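Here's coords-v6.cif, which has mmCIF, C-alpha atoms and all ligand atoms:
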data_entry
loop_
_atom_site.label_atom_id
_atom_site.label_comp_id
_atom_site.auth_asym_id
_atom_site.auth_seq_id
_atom_site.Cartn_x
_atom_site.Cartn_y
_atom_site.Cartn_z
CA MET A 1370 -28.87 -7.24 -32.66
CA LEU A 1371 -31.38 -7.88 -29.86
CA LYS A 1372 -29.80 -10.03 -27.14
CA VAL A 1373 -32.40 -12.32 -25.60
CA GLY A 1374 -32.38 -14.20 -22.30
CA LEU A 1375 -34.78 -17.14 -22.11
CA LEU A 1376 -36.41 -18.03 -18.78
CA GLY A 1377 -37.74 -21.60 -18.77
CA ALA A 1378 -36.27 -24.40 -20.85
CA GLY A 1379 -39.26 -26.75 -21.06
CA ARG A 1380 -41.45 -27.65 -24.06
CA ILE A 1381 -42.21 -24.13 -25.29
CA GLY A 1382 -38.85 -22.71 -24.20
CA ALA A 1383 -37.19 -25.12 -26.63
CA VAL A 1384 -39.52 -23.95 -29.42
CA HIS A 1385 -38.66 -20.29 -28.78
CA ALA A 1386 -34.94 -21.10 -28.65
CA VAL A 1387 -35.19 -22.51 -32.19
CA ALA A 1388 -37.07 -19.40 -33.38
CA ILE A 1389 -34.52 -17.03 -31.77
CA LYS A 1390 -31.64 -18.99 -33.28
CA ALA A 1391 -33.23 -18.75 -36.75
CA HIS A 1392 -33.81 -14.98 -36.52
CA ALA A 1393 -31.19 -12.71 -38.11
CA GLN A 1394 -31.76 -9.76 -35.76
CA CYS A 1395 -31.64 -11.49 -32.41
CA GLU A 1396 -29.36 -13.74 -30.46
CA LEU A 1397 -30.01 -16.21 -27.65
CA VAL A 1398 -27.35 -15.32 -25.07
CA ALA A 1399 -28.54 -17.13 -21.95
CA VAL A 1400 -31.12 -19.55 -20.62
CA SER A 1401 -32.32 -20.27 -17.07
CA ASP A 1402 -34.45 -22.97 -15.50
CA VAL A 1403 -35.09 -24.03 -11.90
CA PHE A 1404 -34.58 -27.55 -13.20
CA SER A 1405 -30.94 -27.02 -14.16
CA ALA A 1406 -30.72 -30.10 -16.41
CA ASN A 1407 -33.30 -28.49 -18.76
CA ALA A 1408 -31.30 -25.26 -18.97
CA GLU A 1409 -28.00 -27.08 -19.50
CA LYS A 1410 -29.46 -29.23 -22.29
CA LEU A 1411 -30.96 -26.27 -24.16
CA ALA A 1412 -27.86 -24.10 -23.65
CA ALA A 1413 -25.67 -26.89 -25.04
CA GLU A 1414 -27.95 -27.23 -28.09
CA HIS A 1415 -27.82 -23.50 -28.81
CA GLY A 1416 -24.35 -22.57 -27.62
CA CYS A 1417 -25.41 -20.06 -24.97
CA ARG A 1418 -24.78 -19.56 -21.24
CA VAL A 1419 -26.79 -20.95 -18.32
CA LEU A 1420 -27.66 -18.19 -15.85
CA THR A 1421 -30.27 -17.70 -13.13
CA ASN A 1422 -33.49 -15.73 -13.74
CA GLU A 1423 -32.04 -12.93 -11.62
CA GLN A 1424 -28.76 -12.85 -13.57
CA ILE A 1425 -30.61 -12.69 -16.91
CA ILE A 1426 -33.01 -10.00 -15.75
CA THR A 1427 -30.22 -7.78 -14.38
CA ASP A 1428 -27.66 -8.35 -17.16
CA PRO A 1429 -27.14 -4.96 -18.85
CA ASP A 1430 -26.17 -6.66 -22.12
CA ILE A 1431 -29.53 -8.40 -22.42
CA GLY A 1432 -32.21 -6.32 -24.15
CA ALA A 1433 -35.17 -8.71 -24.04
CA VAL A 1434 -36.40 -11.41 -21.69
CA LEU A 1435 -38.54 -14.23 -23.04
CA ILE A 1436 -40.60 -15.85 -20.27
CA ALA A 1437 -41.45 -19.51 -20.95
CA THR A 1438 -41.65 -20.72 -17.35
CA SER A 1439 -44.68 -22.29 -15.64
CA THR A 1440 -47.75 -20.04 -15.65
CA ASP A 1441 -47.73 -19.27 -11.90
CA THR A 1442 -44.38 -17.44 -12.28
CA HIS A 1443 -45.31 -15.15 -15.20
CA SER A 1444 -46.57 -12.00 -13.43
CA ASP A 1445 -43.63 -11.89 -10.99
CA LEU A 1446 -41.12 -12.32 -13.81
CA ILE A 1447 -42.85 -9.75 -16.07
CA GLU A 1448 -42.71 -7.18 -13.26
CA ALA A 1449 -39.05 -7.95 -12.44
CA ALA A 1450 -37.97 -7.74 -16.10
CA VAL A 1451 -39.91 -4.51 -16.70
CA SER A 1452 -38.36 -2.95 -13.57
CA ALA A 1453 -34.93 -3.85 -14.97
CA GLY A 1454 -35.78 -2.02 -18.22
CA LYS A 1455 -36.10 -5.08 -20.45
CA ALA A 1456 -38.45 -5.65 -23.35
CA VAL A 1457 -40.60 -8.63 -22.38
CA PHE A 1458 -42.16 -11.45 -24.32
CA CYS A 1459 -44.22 -13.70 -22.03
CA GLU A 1460 -46.01 -16.92 -22.82
CA LYS A 1461 -49.75 -17.20 -22.31
CA PRO A 1462 -51.58 -17.08 -19.96
CA VAL A 1463 -50.49 -13.96 -18.04
CA ASP A 1464 -51.12 -15.74 -14.73
CA LEU A 1465 -53.22 -18.43 -13.08
CA SER A 1466 -54.95 -15.72 -11.05
CA LEU A 1467 -56.93 -12.99 -12.80
CA ALA A 1468 -56.44 -10.67 -9.82
CA ARG A 1469 -52.66 -11.17 -10.01
CA ALA A 1470 -52.68 -10.59 -13.79
CA ARG A 1471 -54.65 -7.36 -13.35
CA ALA A 1472 -52.19 -6.25 -10.63
CA CYS A 1473 -49.31 -7.00 -13.02
CA LEU A 1474 -50.98 -4.85 -15.69
CA ALA A 1475 -51.49 -2.02 -13.20
CA ALA A 1476 -47.88 -2.28 -11.95
CA THR A 1477 -46.32 -2.17 -15.42
CA LYS A 1478 -48.71 0.13 -17.29
CA SER A 1479 -46.84 3.38 -16.68
CA SER A 1480 -43.39 1.88 -17.35
CA GLY A 1481 -43.63 2.29 -21.12
CA GLN A 1482 -41.64 -0.95 -21.47
CA PRO A 1483 -42.75 -3.20 -24.33
CA ILE A 1484 -44.61 -6.34 -23.17
CA MET A 1485 -45.98 -8.91 -25.58
CA ILE A 1486 -48.08 -11.99 -24.72
CA GLY A 1487 -47.50 -15.18 -26.72
CA PHE A 1488 -50.78 -15.84 -28.50
CA ASN A 1489 -48.95 -17.50 -31.38
CA ARG A 1490 -52.08 -18.50 -33.31
CA ARG A 1491 -52.72 -14.86 -34.27
CA PHE A 1492 -49.54 -15.17 -36.38
CA ASP A 1493 -50.58 -18.35 -38.18
CA PRO A 1494 -50.88 -17.23 -41.83
CA SER A 1495 -54.29 -18.94 -42.28
CA PHE A 1496 -55.90 -17.45 -39.16
CA ALA A 1497 -54.34 -14.06 -39.96
CA ALA A 1498 -55.89 -14.31 -43.46
CA VAL A 1499 -59.34 -14.90 -41.91
CA LYS A 1500 -58.88 -11.82 -39.74
CA ALA A 1501 -57.81 -9.72 -42.74
CA ALA A 1502 -60.69 -10.95 -44.94
CA ALA A 1503 -63.26 -10.41 -42.17
CA ASP A 1504 -61.95 -6.90 -41.41
CA ALA A 1505 -62.03 -6.06 -45.13
CA GLY A 1506 -65.75 -6.96 -45.17
CA GLU A 1507 -65.24 -9.79 -47.68
CA ILE A 1508 -67.97 -11.95 -46.07
CA GLY A 1509 -70.18 -9.09 -44.91
CA LYS A 1510 -71.02 -8.90 -41.22
CA PRO A 1511 -69.55 -11.77 -39.12
CA GLU A 1512 -72.35 -13.70 -37.43
CA LEU A 1513 -71.12 -17.12 -36.26
CA LEU A 1514 -67.53 -18.13 -35.40
CA SER A 1515 -66.77 -21.78 -34.77
CA ILE A 1516 -63.38 -22.92 -33.42
CA THR A 1517 -62.36 -26.57 -33.11
CA SER A 1518 -59.21 -27.13 -31.06
CA PHE A 1519 -58.31 -30.67 -30.05
CA ASP A 1520 -54.89 -31.71 -28.73
CA PRO A 1521 -53.62 -35.13 -29.85
CA ALA A 1522 -53.01 -36.26 -26.26
CA PRO A 1523 -53.22 -34.75 -22.77
CA PRO A 1524 -50.12 -33.23 -21.15
CA PRO A 1525 -48.48 -34.97 -18.15
CA ILE A 1526 -50.69 -34.90 -15.05
CA ASP A 1527 -48.02 -32.85 -13.20
CA TYR A 1528 -48.44 -30.16 -15.87
CA VAL A 1529 -52.24 -30.33 -15.62
CA LYS A 1530 -52.05 -29.76 -11.84
CA VAL A 1531 -50.18 -26.42 -12.24
CA SER A 1532 -51.85 -25.36 -15.49
CA GLY A 1533 -54.85 -23.53 -14.02
CA GLY A 1534 -57.28 -25.88 -15.75
CA LEU A 1535 -58.34 -26.41 -19.35
CA PHE A 1536 -60.09 -23.04 -19.74
CA ARG A 1537 -57.08 -20.97 -18.55
CA ASP A 1538 -54.41 -23.20 -20.08
CA MET A 1539 -55.83 -24.50 -23.36
CA MET A 1540 -59.06 -22.76 -24.29
CA ILE A 1541 -57.41 -19.40 -23.62
CA HIS A 1542 -55.82 -19.69 -27.09
CA ASP A 1543 -59.29 -20.03 -28.64
CA LEU A 1544 -60.79 -17.33 -26.44
CA ASP A 1545 -58.04 -14.99 -27.60
CA MET A 1546 -58.68 -16.10 -31.19
CA ALA A 1547 -62.36 -15.18 -30.76
CA ASN A 1548 -61.35 -11.73 -29.41
CA PHE A 1549 -58.91 -11.34 -32.30
CA ILE A 1550 -61.34 -12.33 -35.08
CA MET A 1551 -64.46 -10.67 -33.65
CA GLY A 1552 -62.52 -7.53 -32.64
CA GLU A 1553 -64.39 -7.21 -29.35
CA ASN A 1554 -65.04 -9.05 -26.10
CA PRO A 1555 -68.26 -11.06 -25.78
CA GLU A 1556 -70.95 -9.96 -23.37
CA SER A 1557 -71.37 -13.40 -21.79
CA ILE A 1558 -70.01 -16.96 -21.83
CA THR A 1559 -71.67 -20.29 -21.14
CA ALA A 1560 -69.39 -23.32 -20.79
CA ILE A 1561 -69.60 -26.98 -19.92
CA GLY A 1562 -66.74 -29.36 -19.29
CA THR A 1563 -66.29 -33.03 -18.51
CA SER A 1564 -63.49 -35.51 -17.92
CA LEU A 1565 -63.64 -38.30 -20.52
CA VAL A 1566 -60.03 -38.69 -21.64
CA ASP A 1567 -58.09 -39.33 -18.45
CA PRO A 1568 -59.67 -40.04 -15.02
CA ASP A 1569 -56.60 -38.50 -13.32
CA ILE A 1570 -57.49 -35.15 -14.94
CA GLY A 1571 -60.96 -35.40 -13.37
CA LYS A 1572 -59.42 -36.38 -10.01
CA ALA A 1573 -57.19 -33.30 -10.22
CA GLY A 1574 -60.38 -31.20 -10.45
CA ASP A 1575 -59.97 -30.37 -14.12
CA VAL A 1576 -61.84 -31.23 -17.33
CA ASP A 1577 -60.41 -32.55 -20.59
CA THR A 1578 -63.40 -32.03 -22.90
CA ALA A 1579 -65.28 -28.73 -23.06
CA VAL A 1580 -67.52 -26.45 -25.08
CA ALA A 1581 -68.01 -22.71 -24.64
CA THR A 1582 -70.55 -20.43 -26.26
CA LEU A 1583 -69.77 -16.72 -26.44
CA GLN A 1584 -72.54 -14.21 -27.01
CA TYR A 1585 -71.83 -10.69 -28.25
CA ARG A 1586 -73.65 -7.41 -27.65
CA ASP A 1587 -75.05 -7.30 -31.20
CA GLY A 1588 -76.17 -10.95 -31.16
CA LYS A 1589 -73.12 -12.57 -32.84
CA ILE A 1590 -72.16 -15.99 -31.49
CA ALA A 1591 -68.86 -17.89 -31.18
CA VAL A 1592 -68.62 -21.58 -30.30
CA ILE A 1593 -65.37 -23.18 -29.07
CA LYS A 1594 -64.89 -26.95 -28.80
CA ASN A 1595 -61.88 -28.36 -26.94
CA SER A 1596 -60.59 -31.84 -26.21
CA ARG A 1597 -57.29 -33.00 -24.79
CA ARG A 1598 -57.42 -36.02 -27.12
CA ALA A 1599 -57.76 -36.52 -30.86
CA SER A 1600 -56.48 -39.91 -31.95
CA TYR A 1601 -55.68 -38.61 -35.45
CA GLY A 1602 -53.49 -35.62 -34.46
CA TYR A 1603 -53.75 -31.90 -33.66
CA ASP A 1604 -57.14 -30.71 -34.90
CA GLN A 1605 -57.12 -26.95 -35.42
CA ARG A 1606 -59.98 -25.67 -37.54
CA LEU A 1607 -61.95 -22.45 -37.72
CA GLU A 1608 -65.03 -21.27 -39.59
CA LEU A 1609 -66.51 -17.79 -39.78
CA LEU A 1610 -69.95 -17.34 -41.26
CA GLY A 1611 -70.85 -13.83 -42.33
CA SER A 1612 -73.91 -12.22 -43.92
CA LYS A 1613 -72.29 -12.49 -47.37
CA GLY A 1614 -70.09 -15.56 -47.17
CA HIS A 1615 -68.00 -18.00 -45.21
CA LEU A 1616 -64.31 -18.35 -44.33
CA GLN A 1617 -62.74 -21.64 -43.33
CA VAL A 1618 -59.32 -22.80 -42.09
CA GLN A 1619 -58.66 -26.50 -42.35
CA ASN A 1620 -56.01 -28.70 -40.74
CA VAL A 1621 -52.46 -28.75 -42.04
CA PRO A 1622 -51.75 -32.34 -43.16
CA GLU A 1623 -48.41 -34.10 -42.65
CA THR A 1624 -48.19 -34.43 -46.45
CA THR A 1625 -50.50 -33.26 -49.22
CA MET A 1626 -50.61 -36.67 -50.91
CA VAL A 1627 -54.11 -38.04 -51.47
CA LYS A 1628 -54.37 -41.73 -52.39
CA SER A 1629 -57.43 -42.73 -54.44
CA THR A 1630 -58.10 -46.42 -55.11
CA VAL A 1631 -61.12 -48.71 -55.45
CA ASP A 1632 -61.15 -48.85 -51.64
CA GLY A 1633 -61.65 -45.12 -51.26
CA VAL A 1634 -59.80 -41.85 -50.93
CA VAL A 1635 -57.18 -41.48 -48.19
CA SER A 1636 -55.21 -38.40 -47.16
CA ALA A 1637 -52.59 -37.76 -44.46
CA LYS A 1638 -53.37 -37.01 -40.81
CA PRO A 1639 -53.05 -33.48 -39.43
CA THR A 1640 -49.56 -32.56 -38.19
CA TYR A 1641 -48.98 -34.08 -34.74
CA PHE A 1642 -48.97 -31.13 -32.29
CA PHE A 1643 -48.23 -27.46 -31.66
CA LEU A 1644 -44.54 -27.65 -32.53
CA GLU A 1645 -45.23 -29.11 -35.98
CA ARG A 1646 -48.42 -27.12 -36.70
CA TYR A 1647 -47.33 -23.72 -35.44
CA MET A 1648 -43.53 -23.53 -35.91
CA PRO A 1649 -43.97 -20.99 -38.75
CA ALA A 1650 -46.31 -18.97 -36.50
CA TYR A 1651 -43.80 -18.99 -33.59
CA LYS A 1652 -41.17 -17.58 -35.97
CA ILE A 1653 -43.52 -14.88 -37.33
CA GLU A 1654 -44.58 -14.07 -33.74
CA LEU A 1655 -40.95 -13.62 -32.65
CA ASP A 1656 -40.25 -11.51 -35.74
CA ALA A 1657 -43.22 -9.27 -34.87
CA PHE A 1658 -41.81 -8.83 -31.33
CA VAL A 1659 -38.26 -8.09 -32.52
CA ASN A 1660 -39.53 -5.58 -35.11
CA ALA A 1661 -41.78 -3.82 -32.60
CA VAL A 1662 -38.90 -3.54 -30.10
CA ALA A 1663 -36.53 -2.21 -32.80
CA SER A 1664 -39.03 0.28 -34.23
CA LYS A 1665 -40.44 1.22 -30.79
CA THR A 1666 -43.96 0.61 -32.10
CA ASP A 1667 -46.92 -0.95 -30.27
CA MET A 1668 -46.62 -4.60 -29.32
CA PRO A 1669 -48.71 -6.81 -31.64
CA VAL A 1670 -50.34 -8.62 -28.68
CA THR A 1671 -50.46 -6.52 -25.53
CA LEU A 1672 -50.60 -7.36 -21.84
CA GLU A 1673 -54.12 -5.83 -21.84
CA GLU A 1674 -55.13 -8.41 -24.46
CA GLY A 1675 -53.56 -11.15 -22.35
CA VAL A 1676 -55.63 -10.04 -19.36
CA ALA A 1677 -58.77 -9.80 -21.54
CA ALA A 1678 -58.35 -13.43 -22.64
CA LEU A 1679 -57.83 -14.47 -19.01
CA GLU A 1680 -61.10 -12.71 -18.10
CA LEU A 1681 -62.89 -14.90 -20.66
CA ALA A 1682 -61.17 -18.01 -19.29
CA GLU A 1683 -62.22 -17.06 -15.76
CA ALA A 1684 -65.84 -16.58 -16.93
CA ALA A 1685 -65.77 -19.96 -18.71
CA THR A 1686 -64.34 -21.67 -15.61
CA GLN A 1687 -67.09 -20.18 -13.43
CA SER A 1688 -69.82 -21.06 -15.93
CA ALA A 1689 -68.66 -24.67 -16.19
CA LYS A 1690 -68.98 -24.94 -12.38
CA THR A 1691 -72.47 -23.45 -12.13
CA GLY A 1692 -73.96 -24.40 -15.50
CA LEU A 1693 -75.10 -20.79 -15.89
CA PRO A 1694 -74.04 -18.05 -18.34
CA VAL A 1695 -71.50 -15.61 -16.87
CA LYS A 1696 -71.49 -11.96 -17.89
CA LEU A 1697 -68.03 -10.51 -18.52
CA SER A 1698 -69.08 -7.37 -16.64
CA ASP A 1699 -69.34 -9.55 -13.49
CA ILE A 1700 -65.76 -10.83 -13.79
N1 LIG B 1 -48.01 -20.66 -26.95
C1 LIG B 1 -48.02 -21.97 -26.94
O1 LIG B 1 -48.29 -22.61 -27.94
C2 LIG B 1 -47.66 -22.71 -25.69
C3 LIG B 1 -47.42 -24.09 -25.76
C4 LIG B 1 -47.05 -24.75 -24.58
C5 LIG B 1 -46.94 -24.05 -23.40
N2 LIG B 1 -47.22 -22.71 -23.36
C6 LIG B 1 -47.11 -21.96 -22.09
O2 LIG B 1 -45.72 -21.89 -21.77
C7 LIG B 1 -45.52 -22.05 -20.36
C8 LIG B 1 -44.59 -23.26 -20.13
O3 LIG B 1 -45.23 -24.40 -20.65
P1 LIG B 1 -44.37 -25.70 -21.08
O4 LIG B 1 -45.32 -26.58 -21.80
O5 LIG B 1 -43.11 -25.30 -21.72
O6 LIG B 1 -44.10 -26.30 -19.63
P2 LIG B 1 -42.87 -27.18 -19.16
O7 LIG B 1 -43.26 -27.70 -17.84
O8 LIG B 1 -42.46 -28.11 -20.25
O9 LIG B 1 -41.68 -26.10 -19.02
C9 LIG B 1 -41.65 -25.11 -18.04
C10 LIG B 1 -40.21 -24.97 -17.59
O10 LIG B 1 -40.12 -23.84 -16.72
C11 LIG B 1 -39.28 -24.21 -15.64
N3 LIG B 1 -39.59 -23.32 -14.52
C12 LIG B 1 -40.67 -23.37 -13.71
N4 LIG B 1 -40.61 -22.35 -12.83
C13 LIG B 1 -39.48 -21.65 -13.10
C14 LIG B 1 -38.89 -20.49 -12.56
N5 LIG B 1 -39.44 -19.82 -11.54
N6 LIG B 1 -37.74 -20.07 -13.10
C15 LIG B 1 -37.14 -20.72 -14.14
N7 LIG B 1 -37.67 -21.84 -14.69
C16 LIG B 1 -38.82 -22.28 -14.20
C17 LIG B 1 -39.56 -25.67 -15.40
O11 LIG B 1 -38.51 -26.30 -14.68
C18 LIG B 1 -39.70 -26.20 -16.82
O12 LIG B 1 -38.47 -26.61 -17.36
C19 LIG B 1 -46.92 -22.21 -19.75
O13 LIG B 1 -47.31 -20.96 -19.26
C20 LIG B 1 -47.79 -22.64 -20.92
O14 LIG B 1 -49.12 -22.18 -20.79
C21 LIG B 1 -47.56 -22.04 -24.48
#

Before anything else, please render the file you have as structure tokens.
Ligand SMILES: NC(=O)c1ccc[n+]([C@@H]2O[C@H](COP(=O)([O-])OP(=O)(O)OC[C@H]3O[C@@H](n4cnc5c(N)ncnc54)[C@H](O)[C@@H]3O)[C@@H](O)[C@H]2O)c1
Amino acid sequence: MLKVGLLGAGRIGAVHAVAIKAHAQCELVAVSDVFSANAEKLAAEHGCRVLTNEQIITDPDIGAVLIATSTDTHSDLIEAAVSAGKAVFCEKPVDLSLARARACLAATKSSGQPIMIGFNRRFDPSFAAVKAAADAGEIGKPELLSITSFDPAPPPIDYVKVSGGLFRDMMIHDLDMANFIMGENPESITAIGTSLVDPDIGKAGDVDTAVATLQYRDGKIAVIKNSRRASYGYDQRLELLGSKGHLQVQNVPETTMVKSTVDGVVSAKPTYFFLERYMPAYKIELDAFVNAVASKTDMPVTLEEGVAALELAEAATQSAKTGLPVKLSDI
């Protein structure tokens, strides 16, 4: 039984607590949060103790630390947990700062401790099926990847201010998805962003609507479209065109009922947000982590891959400021 301590009891911490609770081979033993009311609420829901980060990281009974705190704390907590000999699962992104994330990778590389980064979408059965079909050559040579990723509504402005911006906070999921599906990093990225959804996001120096184009060494292209608002729900679609066919992932509707009348054909909206759309993926992701820890095999999403996605986010952020393509070799 893997005993897990959870750092951070906010939105995603609560999701992971549910996944840990549902898993037969792990147990949520403690939760911490600088905002103690969050930790107390989650601990009461799951019947575990409230401890500090330090107490969790140094507790000899705890085998794994799950980091779900704000992004600017991730590298410090990864390093502390690795030094204490824990297996680590850390939410994306690795850090707000690419330099700090690279330093974290350098500091932990020789430890041999397992570290996994939470790119949950890789574990979504539909996206995983695209990856498997593409790798098996079922559509020939991949040529054009298109990812649509719209949130139903923007997060609170206080979250936006500490998030690192749309490219590091939100598009990083899609940038990692591009790396996952294409199996390699692009050579260059061109991005544009604008603030159309919430003027406060623009005032905070961020964008809420963006497009990035990724160009690969052999000429392949990926296009990512992001918005912080979709009035109809969480829009998560992907298409991969290959030389011999096409793969497509559509939205998951709230129900599969389709009503057909003389007025037209109506189907349900997509599920509301990440909790509803990806809960199965969060559970599969946790299972992959627990299995890799138990079997001492490679982590399914490594810290290196977390840093690689952050490099793409950094390139997209720079490109959106200058309007020019940014080569990954210059990052
Ligand atoms: N994989 C996903 O689908 C997904 C979804 C949402 C958020 N995230 C990531 O998870 C992280 C948290 O996001 P969130 O939406 O849950 O934010 P949140 O603001 O809802 O929760 C963060 C929590 O961490 C606490 N916290 C901050 N610093 C801390 C520290 N040093 N020690 C202990 N607790 C601390 C805060 O008080 C808060 O309760 C971010 O890095 C975000 O990018 C990932």

Please list as a ChimeraX atom specification every residue within 9 Å of Ala1663 (chain A), counting only C-alpha atoms and excluding residues in the same chain fewer than 4 positions away. /A:1371,1658-1659

Tell me which of A:Val1403, A:Ala1437, A:Val1670, A:Val1566 sits closest to Met1546 (chain A), counting only C-alpha atoms.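 Of the candidates, the smallest distance to Met1546 (chain A) is held by A:Val1670.
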
Once 8 Å is added on each side, what centre and edge lengths in Å to one decimal does the axis-aligned box around all listed atoms of ligand LIG 1 (chain B) have, as JSON?
{"center_x": -43.1, "center_y": -24.0, "center_z": -19.7, "size_x": 28.0, "size_y": 24.3, "size_z": 32.4}

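With CA of Glu1674 (chain A) on one side and CA of Ile1570 (chain A) on the other, the separation reads 28.5 Å.
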
Within 12 Å of Ser1479 (chain A), counting only C-alpha atoms, which residues show up once you throw out same-chain ones fewer than 6 positions away? Write them as a VMD selection string, please. chain A and resid 1448 1451 to 1452 1473

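Taking all atoms listed in the file into account, the residues that come within 6 Å of ligand LIG 1 (chain B) are Leu1376, Gly1377, Ala1378, Gly1379, Arg1380, Ile1381, Gly1382, Ser1401, Asp1402, Val1403, Phe1404, Asn1407, Ala1437, Thr1438, Ser1439, Thr1440, Thr1442, Glu1460, Lys1461, Pro1462, Gly1487, Phe1488, Asn1489 and Asp1538 of chain A.
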
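Counting only C-alpha atoms, Ala1388 (chain A) has the following residues at most 12 Å away, ignoring those fewer than 6 positions along the same chain: Val1373, Leu1375, Ile1381, Gly1382, Gln1394, Cys1395, Glu1396, Leu1397, His1415, Leu1435, Leu1644, Tyr1647, Met1648, Pro1649, Ala1650, Tyr1651, Lys1652, Ile1653, Glu1654, Leu1655, Asp1656, Ala1657, Phe1658 and Val1659 of chain A.
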
Would you write out those residues with C-alpha atoms, as a PDB file, in the coordinates of the input?
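Okay, this is what ended up in selection08.pdb:
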ATOM      1  CA  VAL A1373     -32.400 -12.320 -25.600  1.00  0.00           C
ATOM      2  CA  LEU A1375     -34.780 -17.140 -22.110  1.00  0.00           C
ATOM      3  CA  ILE A1381     -42.210 -24.130 -25.290  1.00  0.00           C
ATOM      4  CA  GLY A1382     -38.850 -22.710 -24.200  1.00  0.00           C
ATOM      5  CA  GLN A1394     -31.760  -9.760 -35.760  1.00  0.00           C
ATOM      6  CA  CYS A1395     -31.640 -11.490 -32.410  1.00  0.00           C
ATOM      7  CA  GLU A1396     -29.360 -13.740 -30.460  1.00  0.00           C
ATOM      8  CA  LEU A1397     -30.010 -16.210 -27.650  1.00  0.00           C
ATOM      9  CA  HIS A1415     -27.820 -23.500 -28.810  1.00  0.00           C
ATOM     10  CA  LEU A1435     -38.540 -14.230 -23.040  1.00  0.00           C
ATOM     11  CA  LEU A1644     -44.540 -27.650 -32.530  1.00  0.00           C
ATOM     12  CA  TYR A1647     -47.330 -23.720 -35.440  1.00  0.00           C
ATOM     13  CA  MET A1648     -43.530 -23.530 -35.910  1.00  0.00           C
ATOM     14  CA  PRO A1649     -43.970 -20.990 -38.750  1.00  0.00           C
ATOM     15  CA  ALA A1650     -46.310 -18.970 -36.500  1.00  0.00           C
ATOM     16  CA  TYR A1651     -43.800 -18.990 -33.590  1.00  0.00           C
ATOM     17  CA  LYS A1652     -41.170 -17.580 -35.970  1.00  0.00           C
ATOM     18  CA  ILE A1653     -43.520 -14.880 -37.330  1.00  0.00           C
ATOM     19  CA  GLU A1654     -44.580 -14.070 -33.740  1.00  0.00           C
ATOM     20  CA  LEU A1655     -40.950 -13.620 -32.650  1.00  0.00           C
ATOM     21  CA  ASP A1656     -40.250 -11.510 -35.740  1.00  0.00           C
ATOM     22  CA  ALA A1657     -43.220  -9.270 -34.870  1.00  0.00           C
ATOM     23  CA  PHE A1658     -41.810  -8.830 -31.330  1.00  0.00           C
ATOM     24  CA  VAL A1659     -38.260  -8.090 -32.520  1.00  0.00           C
TER      25      VAL A1659
END

Would you mind listing what lies within 6 Å of region 1589-1596 of chain A as an MDAnalysis selection string, with all atoms listed in the file counted and same-chain residues fewer than 3 positions away left out? chainID A and resid 1512:1519 1577:1585

For the residues selected in the previous step, produce a file with C-alpha atoms as a short mmCIF file (atom, residue, chain, number, x, y, z; two decimals), in the frame of the given file.
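Okay, this is what ended up in part_18.cif:
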data_model
loop_
_atom_site.label_atom_id
_atom_site.label_comp_id
_atom_site.auth_asym_id
_atom_site.auth_seq_id
_atom_site.Cartn_x
_atom_site.Cartn_y
_atom_site.Cartn_z
CA GLU A 1512 -72.35 -13.70 -37.43
CA LEU A 1513 -71.12 -17.12 -36.26
CA LEU A 1514 -67.53 -18.13 -35.40
CA SER A 1515 -66.77 -21.78 -34.77
CA ILE A 1516 -63.38 -22.92 -33.42
CA THR A 1517 -62.36 -26.57 -33.11
CA SER A 1518 -59.21 -27.13 -31.06
CA PHE A 1519 -58.31 -30.67 -30.05
CA ASP A 1577 -60.41 -32.55 -20.59
CA THR A 1578 -63.40 -32.03 -22.90
CA ALA A 1579 -65.28 -28.73 -23.06
CA VAL A 1580 -67.52 -26.45 -25.08
CA ALA A 1581 -68.01 -22.71 -24.64
CA THR A 1582 -70.55 -20.43 -26.26
CA LEU A 1583 -69.77 -16.72 -26.44
CA GLN A 1584 -72.54 -14.21 -27.01
CA TYR A 1585 -71.83 -10.69 -28.25
#

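CA of Thr1624 (chain A) to CA of Arg1646 (chain A) spans 12.2 Å [interatomic distance, one decimal].
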
Set the distance at 8 Å and use only C-alpha atoms: which residues neighbour Lys1510 (chain A) once local chain neighbours fewer than 5 positions away are removed? I'd like the list as a JSON list (two decimals) with C-alpha atoms, in the frame of the given file.
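Output below, filename out-v7.json:
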[["chain", "number", "residue", "atom", "x", "y", "z"],
["A", 1503, "ALA", "CA", -63.26, -10.41, -42.17],
["A", 1611, "GLY", "CA", -70.85, -13.83, -42.33],
["A", 1612, "SER", "CA", -73.91, -12.22, -43.92],
["A", 1613, "LYS", "CA", -72.29, -12.49, -47.37]]

Select, from A:Met1485, A:Asn1660, A:Ala1685, A:Gly1614, the residue with the minimum atom-to-atom distance to Ala1393 (chain A), counting only C-alpha atoms.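 Counting only C-alpha atoms, the residue closest to Ala1393 (chain A) is A:Asn1660.
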